[in-house]
>>> print(open('coords.cif').read())   # mmCIF, C-alpha atoms, pLDDT in the B column; chains and numbers go by the auth columns
data_target
#
loop_
_atom_site.group_PDB
_atom_site.id
_atom_site.type_symbol
_atom_site.label_atom_id
_atom_site.label_comp_id
_atom_site.label_asym_id
_atom_site.label_seq_id
_atom_site.Cartn_x
_atom_site.Cartn_y
_atom_site.Cartn_z
_atom_site.B_iso_or_equiv
_atom_site.auth_seq_id
_atom_site.auth_asym_id
ATOM 1 C CA MET A 1 158.163 65.221 49.486 48.00 245 A
ATOM 2 C CA GLY A 2 155.060 64.498 51.501 49.00 246 A
ATOM 3 C CA ASP A 3 156.270 65.365 54.945 71.00 247 A
ATOM 4 C CA ALA A 4 154.605 68.562 56.212 71.00 248 A
ATOM 5 C CA LEU A 5 157.770 69.675 58.018 73.00 249 A
ATOM 6 C CA GLU A 6 159.869 69.320 54.863 86.00 250 A
ATOM 7 C CA ILE A 7 157.271 71.258 52.871 90.00 251 A
ATOM 8 C CA THR A 8 157.217 74.021 55.466 90.00 252 A
ATOM 9 C CA GLN A 9 161.014 74.218 55.577 91.00 253 A
ATOM 10 C CA LEU A 10 161.307 74.400 51.806 91.00 254 A
ATOM 11 C CA ALA A 11 158.485 76.946 51.603 93.00 255 A
ATOM 12 C CA SER A 12 160.261 79.066 54.212 92.00 256 A
ATOM 13 C CA VAL A 13 163.539 78.970 52.271 92.00 257 A
ATOM 14 C CA GLY A 14 161.716 79.794 49.040 92.00 258 A
ATOM 15 C CA ALA A 15 159.802 82.666 50.627 92.00 259 A
ATOM 16 C CA ALA A 16 162.981 84.182 52.067 91.00 260 A
ATOM 17 C CA ALA A 17 164.671 83.987 48.666 91.00 261 A
ATOM 18 C CA LEU A 18 161.721 85.632 46.914 92.00 262 A
ATOM 19 C CA VAL A 19 161.428 88.482 49.404 92.00 263 A
ATOM 20 C CA THR A 20 165.167 89.100 49.076 89.00 264 A
ATOM 21 C CA GLU A 21 164.827 89.392 45.302 91.00 265 A
ATOM 22 C CA MET A 22 161.640 91.456 45.211 91.00 266 A
ATOM 23 C CA ALA A 23 163.358 94.784 45.830 84.00 267 A
ATOM 24 C CA LYS A 24 166.146 94.174 43.323 88.00 268 A
ATOM 25 C CA ASN A 25 166.368 95.143 39.683 84.00 269 A
ATOM 26 C CA THR A 26 166.742 91.429 38.816 84.00 270 A
ATOM 27 C CA TRP A 27 163.178 90.709 39.959 90.00 271 A
ATOM 28 C CA ASP A 28 161.773 90.275 36.434 90.00 272 A
ATOM 29 C CA SER A 29 163.962 87.240 35.728 89.00 273 A
ATOM 30 C CA VAL A 30 163.142 85.735 39.125 91.00 274 A
ATOM 31 C CA ARG A 31 159.434 86.428 38.546 93.00 275 A
ATOM 32 C CA ASP A 32 159.645 84.499 35.261 93.00 276 A
ATOM 33 C CA ALA A 33 161.063 81.505 37.154 92.00 277 A
ATOM 34 C CA VAL A 34 158.329 81.838 39.788 94.00 278 A
ATOM 35 C CA ALA A 35 155.701 81.889 37.027 94.00 279 A
ATOM 36 C CA GLN A 36 157.168 78.707 35.567 93.00 280 A
ATOM 37 C CA PHE A 37 157.070 77.096 39.029 94.00 281 A
ATOM 38 C CA PHE A 38 153.393 77.962 39.534 95.00 282 A
ATOM 39 C CA ARG A 39 152.470 76.719 36.036 95.00 283 A
ATOM 40 C CA ARG A 40 152.839 73.211 37.439 93.00 284 A
ATOM 41 C CA GLY A 41 149.370 73.845 38.850 93.00 285 A
ATOM 42 C CA GLY A 42 147.964 74.966 35.493 94.00 286 A
ATOM 43 C CA GLU A 43 147.773 78.335 33.782 94.00 287 A
ATOM 44 C CA GLY A 44 144.792 79.556 35.839 94.00 288 A
ATOM 45 C CA THR A 45 146.511 78.659 39.085 93.00 289 A
ATOM 46 C CA ALA A 46 149.703 80.370 37.951 95.00 290 A
ATOM 47 C CA GLU A 47 147.823 83.602 37.222 96.00 291 A
ATOM 48 C CA GLN A 48 146.166 83.564 40.656 96.00 292 A
ATOM 49 C CA GLU A 49 149.408 82.813 42.487 95.00 293 A
ATOM 50 C CA LEU A 50 151.302 85.486 40.537 96.00 294 A
ATOM 51 C CA ARG A 51 148.676 88.106 41.397 96.00 295 A
ATOM 52 C CA LEU A 52 149.417 87.415 45.062 95.00 296 A
ATOM 53 C CA ILE A 53 153.185 87.558 44.451 95.00 297 A
ATOM 54 C CA ASP A 54 152.877 90.819 42.503 95.00 298 A
ATOM 55 C CA ALA A 55 150.741 92.385 45.237 95.00 299 A
ATOM 56 C CA ALA A 56 153.301 91.316 47.844 94.00 300 A
ATOM 57 C CA ARG A 57 156.134 92.853 45.840 95.00 301 A
ATOM 58 C CA GLN A 58 154.166 96.078 45.426 95.00 302 A
ATOM 59 C CA ARG A 59 153.726 96.333 49.217 94.00 303 A
ATOM 60 C CA LEU A 60 157.458 95.842 49.683 94.00 304 A
ATOM 61 C CA VAL A 61 158.522 98.317 47.013 93.00 305 A
ATOM 62 C CA GLU A 62 156.111 100.973 48.289 94.00 306 A
ATOM 63 C CA SER A 63 157.166 100.584 51.921 93.00 307 A
ATOM 64 C CA THR A 64 159.309 103.262 53.507 93.00 308 A
ATOM 65 C CA GLU A 65 162.754 102.455 54.817 91.00 309 A
ATOM 66 C CA SER A 66 161.430 102.420 58.384 94.00 310 A
ATOM 67 C CA GLU A 67 158.629 100.007 57.387 94.00 311 A
ATOM 68 C CA ARG A 68 160.860 97.723 55.323 92.00 312 A
ATOM 69 C CA GLY A 69 161.863 95.237 58.054 92.00 313 A
ATOM 70 C CA PRO A 70 158.347 94.497 59.323 94.00 314 A
ATOM 71 C CA VAL A 71 156.975 94.398 55.759 94.00 315 A
ATOM 72 C CA GLU A 72 159.680 91.899 54.722 94.00 316 A
ATOM 73 C CA GLU A 73 158.922 89.707 57.731 94.00 317 A
ATOM 74 C CA ARG A 74 155.183 89.733 57.000 95.00 318 A
ATOM 75 C CA LEU A 75 155.802 88.932 53.331 95.00 319 A
ATOM 76 C CA ARG A 76 158.120 86.029 54.219 94.00 320 A
ATOM 77 C CA ASN A 77 155.360 84.586 56.402 95.00 321 A
ATOM 78 C CA ASP A 78 152.651 85.132 53.785 95.00 322 A
ATOM 79 C CA LEU A 79 154.771 83.655 50.995 95.00 323 A
ATOM 80 C CA MET A 80 155.788 80.708 53.141 95.00 324 A
ATOM 81 C CA ILE A 81 152.104 79.873 53.642 95.00 325 A
ATOM 82 C CA GLN A 82 151.379 80.362 49.922 95.00 326 A
ATOM 83 C CA LEU A 83 154.303 78.188 48.829 95.00 327 A
ATOM 84 C CA ALA A 84 153.561 75.482 51.418 95.00 328 A
ATOM 85 C CA ALA A 85 149.930 75.284 50.280 95.00 329 A
ATOM 86 C CA PHE A 86 151.034 75.009 46.654 95.00 330 A
ATOM 87 C CA LEU A 87 153.593 72.305 47.483 95.00 331 A
ATOM 88 C CA GLN A 88 150.976 70.286 49.344 94.00 332 A
ATOM 89 C CA LYS A 89 148.878 70.254 46.170 94.00 333 A
ATOM 90 C CA HIS A 90 151.885 69.798 43.855 94.00 334 A
ATOM 91 C CA PRO A 91 154.663 67.969 45.741 93.00 335 A
ATOM 92 C CA ASP A 92 156.420 67.246 42.442 92.00 336 A
ATOM 93 C CA ALA A 93 157.261 70.988 42.272 92.00 337 A
ATOM 94 C CA ALA A 94 159.501 70.803 45.368 93.00 338 A
ATOM 95 C CA ALA A 95 162.723 70.240 43.432 92.00 339 A
ATOM 96 C CA GLU A 96 161.957 73.220 41.207 93.00 340 A
ATOM 97 C CA LEU A 97 161.379 75.507 44.199 93.00 341 A
ATOM 98 C CA GLN A 98 164.597 74.276 45.827 93.00 342 A
ATOM 99 C CA GLU A 99 166.481 74.958 42.595 93.00 343 A
ATOM 100 C CA LEU A 100 164.986 78.458 42.381 90.00 344 A
ATOM 101 C CA ALA A 101 165.915 79.237 45.993 90.00 345 A
ATOM 102 C CA ASP A 102 169.445 77.896 45.457 90.00 346 A
ATOM 103 C CA ARG A 103 169.848 79.962 42.291 88.00 347 A
ATOM 104 C CA VAL A 104 168.745 83.136 44.082 85.00 348 A
ATOM 105 C CA GLN A 105 171.077 82.465 47.002 81.00 349 A
ATOM 106 C CA ARG A 106 174.038 81.789 44.690 83.00 350 A
ATOM 107 C CA ALA A 107 173.370 84.955 42.717 76.00 351 A
ATOM 108 C CA ASP A 108 172.949 86.946 45.899 68.00 352 A
ATOM 109 C CA GLY A 109 176.227 85.751 47.400 62.00 353 A
ATOM 110 C CA ALA A 110 177.385 87.438 50.559 45.00 354 A
ATOM 111 C CA SER A 111 177.402 90.931 49.075 48.00 355 A
ATOM 112 C CA ASP A 112 173.971 91.894 50.330 47.00 356 A
ATOM 113 C CA VAL A 113 174.074 90.505 53.854 48.00 357 A
ATOM 114 C CA ARG A 114 172.090 92.475 56.418 52.00 358 A
ATOM 115 C CA MET A 115 171.994 91.772 60.096 54.00 359 A
ATOM 116 C CA SER A 116 170.093 93.371 62.935 57.00 360 A
ATOM 117 C CA ALA A 117 170.507 92.615 66.605 59.00 361 A
ATOM 118 C CA HIS A 118 168.124 94.246 69.069 59.00 362 A
ATOM 119 C CA ASN A 119 167.823 94.039 72.837 59.00 363 A
ATOM 120 C CA ASN A 120 170.787 91.746 73.167 61.00 364 A
ATOM 121 C CA THR A 121 172.180 93.071 76.442 64.00 365 A
ATOM 122 C CA ASN A 122 174.689 90.687 78.031 61.00 366 A
ATOM 123 C CA SER A 123 174.843 88.540 74.927 60.00 367 A
ATOM 124 C CA GLN A 124 177.029 88.042 71.901 58.00 368 A
ATOM 125 C CA VAL A 125 176.038 87.906 68.279 59.00 369 A
ATOM 126 C CA VAL A 126 177.601 85.429 65.849 59.00 370 A
ATOM 127 C CA ILE A 127 177.519 86.327 62.169 57.00 371 A
ATOM 128 C CA ALA A 128 178.389 83.712 59.569 54.00 372 A
ATOM 129 C CA GLY A 129 178.465 83.946 55.810 50.00 373 A
ATOM 130 C CA GLY A 130 177.311 80.343 55.488 50.00 374 A
ATOM 131 C CA ALA A 131 176.467 77.291 57.521 49.00 375 A
ATOM 132 C CA ILE A 132 177.912 77.130 61.014 50.00 376 A
ATOM 133 C CA SER A 133 177.929 74.193 63.389 50.00 377 A
ATOM 134 C CA ALA A 134 179.741 72.865 66.416 52.00 378 A
ATOM 135 C CA SER A 135 179.598 69.597 68.257 52.00 379 A
ATOM 136 C CA GLY A 136 178.772 70.151 71.885 54.00 380 A
ATOM 137 C CA GLY A 137 177.329 73.611 71.200 58.00 381 A
ATOM 138 C CA PHE A 138 178.759 77.080 71.459 54.00 382 A
ATOM 139 C CA HIS A 139 179.953 78.497 74.751 51.00 383 A
ATOM 140 C CA TYR A 140 180.369 82.222 75.222 50.00 384 A
ATOM 141 C CA ARG A 141 181.299 84.416 78.099 51.00 385 A
ATOM 142 C CA THR A 142 180.561 88.072 78.440 51.00 386 A
ATOM 143 C CA PRO A 143 183.708 90.218 78.152 53.00 387 A
ATOM 144 C CA GLU A 144 183.560 90.955 81.875 56.00 388 A
ATOM 145 C CA ALA A 145 183.618 87.233 82.751 50.00 389 A
ATOM 146 C CA GLY A 146 186.942 86.744 80.971 50.00 390 A
ATOM 147 C CA ARG A 147 188.841 89.174 83.199 52.00 391 A
#
>>> encode(input="coords.cif", output="C-alpha cells")
Amino acid sequence: MGDALEITQLASVGAAALVTEMAKNTWDSVRDAVAQFFRRGGEGTAEQELRLIDAARQRLVESTESERGPVEERLRNDLMIQLAAFLQKHPDAAAELQELADRVQRADGASDVRMSAHNNTNSQVVIAGGAISASGGFHYRTPEAGR
C-alpha cells in the first residue's frame, strides 16, 4: 500500500467508521482496537495518536444535537488526515485498519443508518443499504416529467 490515493481512501473509510462508533456505548472496545493499530508505530506514538482520538471523541460527545452533524463531518476530516499520515509512515498497518473498519461496519449493520438530503429541489434521492451500481448510469425523471 504505497499509493497515496489508496491510503487516502482507506483513511477516509477508517475515519468514518471511528466517528460512527465514538458516540456509542461500544466505543471502549473499538478504542482498544484503535490503540492496538497505533502501537505499530511504537508505544509513544500510540499514546500521542490516542490523545488526539480521545479529544476528538470528547468534542463529539459534548456537542449538542444541532451541532452533531458539522462536528461529525469535521472529525471525519481530521481523523482521515491523522490516519493517512500514520499509514504513510506505517503502510504495513493498512490491513489492520481495513479489518477494523470492516468489523465496525459489520457490527453496525443497517440498523443505525442516517440520511440527510438538503436543498435537493427537482432531484431524487437514492438510498441503498449497501453497494449500488449500474452500467450506463442512472437515469431519473422528475415526477412531473413522467405525466
>>> atom_distance(input="coords.cif", atom1="atom CA of Leu319 of chain A", atom2="atom CA of Glu287 of chain A")
23.6 Å
>>> atom_distance(input="coords.cif", atom1="atom CA of Ala328 of chain A", atom2="atom CA of Ala345 of chain A")
14.0 Å
>>> closest_residue(input="coords.cif", among="A:Arg320, A:Arg350, A:His334, A:Arg284", to="Leu262 of chain A", atoms="all atoms listed in the file")
A:Arg320
>>> residues_around(input="coords.cif", residues="segment 269-278 of chain A", least_positions_apart="4", cutoff="8 Å", atoms="all atoms listed in the file", output="PyMOL selection string")
chain A and resi 262+265+282+294+344+348
>>> resolve_selection(input="coords.cif", expression="the PyMOL selection byres ((chain A and resi 342) around 12)", output="PyMOL selection string")
chain A and resi 245+250-251+253-262+277-278+281+327+331+335-341+343-349
>>> closest_residue(input="coords.cif", among="A:Leu304, A:Ala248, A:Val263, A:Ala279", to="Asn321 of chain A", atoms="only C-alpha atoms")
A:Val263
>>> atom_distance(input="coords.cif", atom1="atom CA of Thr252 of chain A", atom2="atom CA of Ser307 of chain A")
26.8 Å
>>> closest_residue(input="coords.cif", among="A:Ala351, A:Ala290, A:Gln280, A:Gln332", to="Leu249 of chain A", atoms="all atoms listed in the file")
A:Gln332
>>> resolve_selection(input="coords.cif", expression="the PyMOL selection byres ((chain A and resi 300) around 10)", output="compact mmCIF listing (two decimals) with C-alpha atoms, keeping the file's coordinate frame")
# COMPACT_ATOMS: atom_id res chain seq x y z
CA VAL A 263 161.43 88.48 49.40
CA MET A 266 161.64 91.46 45.21
CA LEU A 294 151.30 85.49 40.54
CA ARG A 295 148.68 88.11 41.40
CA LEU A 296 149.42 87.42 45.06
CA ILE A 297 153.18 87.56 44.45
CA ASP A 298 152.88 90.82 42.50
CA ALA A 299 150.74 92.38 45.24
CA ARG A 301 156.13 92.85 45.84
CA GLN A 302 154.17 96.08 45.43
CA ARG A 303 153.73 96.33 49.22
CA LEU A 304 157.46 95.84 49.68
CA VAL A 305 158.52 98.32 47.01
CA VAL A 315 156.98 94.40 55.76
CA GLU A 316 159.68 91.90 54.72
CA ARG A 318 155.18 89.73 57.00
CA LEU A 319 155.80 88.93 53.33
CA ARG A 320 158.12 86.03 54.22
CA ASP A 322 152.65 85.13 53.78
CA LEU A 323 154.77 83.66 51.00
